[in-house]
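A.B. asks: Below is one structure. I have some questions about it.
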Amino acid sequence: MAQSKKAIFIGRTDPDTGLDAYRQIPVKLDVYTDTPNASRFIPEYHFAFVSRYLAILESLAAGVPVLAHYNNQIKYDYLVMAPFAKFIHVFQDPNTADLKFDHKVVKLGQMWARRQTWTKLANIYETLWQR
């Protein structure tokens with residue numbers, strides 16, 4: 001992938017966030033840590049390298065393809081079992097991170113994310129906790 005492609009990372013810089021893995025992917029990476037409202041910059045990027053639920057939703061809603069890194073089984077399960085799983089690429093090894101996204105899937109993810117509300121999310125959690 002050409003260096004002219006840009007990605008945004010929003011989050012902590014701790015090892016468990018995947019920042020070191022994201023840095024190995026051959027794109028220009030801008031890192032936002034404590035920047036208030038960093039999500040407003042997402043539409044300026046070709047990719048969002050994020051793995052937190054809200055950052056994934058914000059990226060999908062902006063129509064920006066999401067690559068999410070996992071480094072343990074719990075994070076993997078959280079990413080692949082989430083309702084947005086079919087719209088993102090999940091990886092552990094940066095050498096296998098797939099930067100090729102189907103435009104139709106990105107558009108479907110955008111439409112899905114824009115329909116999400118806090119009420120819907122709360123209902124999902126309540127359903128899960130009743131099990």
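Labels used: A, B, ... for chains in the order of the structure tokens, numbers from 1 for residues in each chain, and numbers from 1 for ligands as shown.
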Against stretch 52-59 of chain A, which residues of stretch 81-131 of chain A fall within 12 Å? For each one I want the closest pair of atoms and the distance in Å (one decimal), counting only C-alpha atoms, rows by chain and increasing residue number, as a Markdown table.
C.D. replies:
```
| residue | atom | partner | partner_atom | distance |
| --- | --- | --- | --- | --- |
| A:Met81 | CA | A:Tyr53 | CA | 11.9 |
| A:Ala82 | CA | A:Tyr53 | CA | 8.8 |
| A:Pro83 | CA | A:Tyr53 | CA | 10.2 |
| A:Phe84 | CA | A:Leu57 | CA | 8.0 |
| A:Ala85 | CA | A:Ile56 | CA | 10.0 |
| A:Phe87 | CA | A:Ile56 | CA | 9.9 |
| A:Ile88 | CA | A:Ile56 | CA | 8.5 |
| A:His89 | CA | A:Ile56 | CA | 11.0 |
| A:Val90 | CA | A:Ile56 | CA | 11.6 |
| A:Val106 | CA | A:Ser59 | CA | 10.2 |
| A:Lys107 | CA | A:Ser59 | CA | 11.6 |
| A:Gly109 | CA | A:Leu57 | CA | 8.9 |
| A:Gln110 | CA | A:Ser59 | CA | 8.2 |
| A:Met111 | CA | A:Leu57 | CA | 10.7 |
| A:Trp112 | CA | A:Leu57 | CA | 9.1 |
| A:Ala113 | CA | A:Leu57 | CA | 5.7 |
| A:Arg114 | CA | A:Leu57 | CA | 8.2 |
| A:Arg115 | CA | A:Leu57 | CA | 10.2 |
| A:Gln116 | CA | A:Leu57 | CA | 8.4 |
| A:Thr117 | CA | A:Leu57 | CA | 10.4 |
| A:Trp118 | CA | A:Leu54 | CA | 10.7 |
| A:Leu121 | CA | A:Tyr53 | CA | 10.6 |
```
A.B. asks: Once DSSP has gone over the backbone, tell me which residues of stretch 66-126 of chain A are in helix (DSSP H, G or I), as a PyMOL selection string.
C.D. replies: chain A and resi 73-80+85-87+94-96+103-114+118-126
A.B. asks: Output as a PyMOL selection string all residues of stretch 24-125 of chain A that backbone DSSP marks as strand (DSSP E).
C.D. replies: chain A and resi 28-32+47-49+66-69+89-91
A.B. asks: Dump N, CA and C atoms for the selected residues as a JSON list (two decimals), in the first residue's frame?
C.D. replies:
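What follows is the written file part_10.json:
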```
[["chain", "number", "residue", "atom", "x", "y", "z"],
["A", 28, "LYS", "N", 0.85, 6.17, 6.32],
["A", 28, "LYS", "CA", 1.16, 7.29, 7.21],
["A", 28, "LYS", "C", 0.15, 7.23, 8.36],
["A", 29, "LEU", "N", 0.65, 7.18, 9.58],
["A", 29, "LEU", "CA", -0.21, 7.03, 10.75],
["A", 29, "LEU", "C", -0.14, 8.27, 11.63],
["A", 30, "ASP", "N", -1.31, 8.86, 11.89],
["A", 30, "ASP", "CA", -1.42, 9.98, 12.82],
["A", 30, "ASP", "C", -2.06, 9.44, 14.10],
["A", 31, "VAL", "N", -1.43, 9.76, 15.22],
["A", 31, "VAL", "CA", -1.86, 9.23, 16.52],
["A", 31, "VAL", "C", -2.48, 10.35, 17.35],
["A", 32, "TYR", "N", -3.70, 10.10, 17.82],
["A", 32, "TYR", "CA", -4.40, 11.03, 18.70],
["A", 32, "TYR", "C", -4.64, 10.32, 20.02],
["A", 47, "PHE", "N", -8.11, 5.17, 6.51],
["A", 47, "PHE", "CA", -8.34, 4.04, 7.42],
["A", 47, "PHE", "C", -8.39, 4.55, 8.85],
["A", 48, "ALA", "N", -9.12, 3.82, 9.68],
["A", 48, "ALA", "CA", -9.11, 4.06, 11.12],
["A", 48, "ALA", "C", -8.54, 2.81, 11.78],
["A", 49, "PHE", "N", -7.46, 2.97, 12.51],
["A", 49, "PHE", "CA", -6.83, 1.88, 13.25],
["A", 49, "PHE", "C", -7.31, 2.01, 14.69],
["A", 66, "VAL", "N", -12.22, 0.27, 8.93],
["A", 66, "VAL", "CA", -11.64, 0.04, 10.25],
["A", 66, "VAL", "C", -10.77, -1.22, 10.25],
["A", 67, "LEU", "N", -9.55, -1.09, 10.76],
["A", 67, "LEU", "CA", -8.69, -2.23, 11.06],
["A", 67, "LEU", "C", -8.53, -2.26, 12.57],
["A", 68, "ALA", "N", -8.86, -3.39, 13.17],
["A", 68, "ALA", "CA", -8.80, -3.52, 14.62],
["A", 68, "ALA", "C", -7.83, -4.62, 15.01],
["A", 69, "HIS", "N", -6.89, -4.29, 15.88],
["A", 69, "HIS", "CA", -5.88, -5.23, 16.33],
["A", 69, "HIS", "C", -6.32, -5.91, 17.63],
["A", 89, "HIS", "N", -12.02, -5.16, 9.58],
["A", 89, "HIS", "CA", -10.98, -6.18, 9.45],
["A", 89, "HIS", "C", -10.27, -6.30, 10.79],
["A", 90, "VAL", "N", -10.16, -7.53, 11.27],
["A", 90, "VAL", "CA", -9.52, -7.82, 12.55],
["A", 90, "VAL", "C", -8.23, -8.56, 12.28],
["A", 91, "PHE", "N", -7.16, -8.20, 12.99],
["A", 91, "PHE", "CA", -5.88, -8.87, 12.77],
["A", 91, "PHE", "C", -5.07, -8.93, 14.05]]
```
A.B. asks: For a quick check of understanding, using only C-alpha atoms, which of A:Arg40, A:Gln73, A:Pro94, A:Ala62 has the smallest distance to A:Val27?
C.D. replies: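 Checking each candidate against A:Val27, we get A:Pro94 as the closest.
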A.B. asks: So, counting only C-alpha atoms, which residue among A:Val50, A:Leu128, A:Val80, A:Leu108 is closest to A:Gly11?
C.D. replies: A:Val50
A.B. asks: Of the residues A:Tyr125, A:Ser39, A:Thr33, A:Leu79, which is the one nearest to A:Asp14, using only C-alpha atoms?
C.D. replies: A:Thr33
A.B. asks: Just checking: using only C-alpha atoms, which residue out of A:His103, A:Ile124, A:Thr35, A:Asn95 ends up closest to A:Arg23?
C.D. replies: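 Using only C-alpha atoms, the shortest distance to A:Arg23 belongs to A:Asn95.
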A.B. asks: Any idea what the distance is between atom CA of A:Ile42 and atom CA of A:Ala97?
C.D. replies: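 Going from atom CA of A:Ile42 over to atom CA of A:Ala97, I get 19.5 Å.
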A.B. asks: For A:Pro15, which residue among A:Gln130, A:Asn37, A:Asn71, A:Ser51 is the nearest when counting only C-alpha atoms?
C.D. replies: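 Counting only C-alpha atoms, the residue closest to A:Pro15 is A:Asn71.
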A.B. asks: Could you work out how far atom CA of A:Asp34 lies from atom CA of A:Leu60, giving the answer in Å with one decimal?
C.D. replies: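 We find that atom CA of A:Leu60 and atom CA of A:Asp34 lie 21.1 Å from each other.
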A.B. asks: From the options A:Thr17, A:Gly63, A:Lys75, A:Ile10, which residue's atoms come nearest to A:Lys104, counting only C-alpha atoms?
C.D. replies: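 Among the listed residues, the smallest separation from A:Lys104 belongs to A:Gly63.
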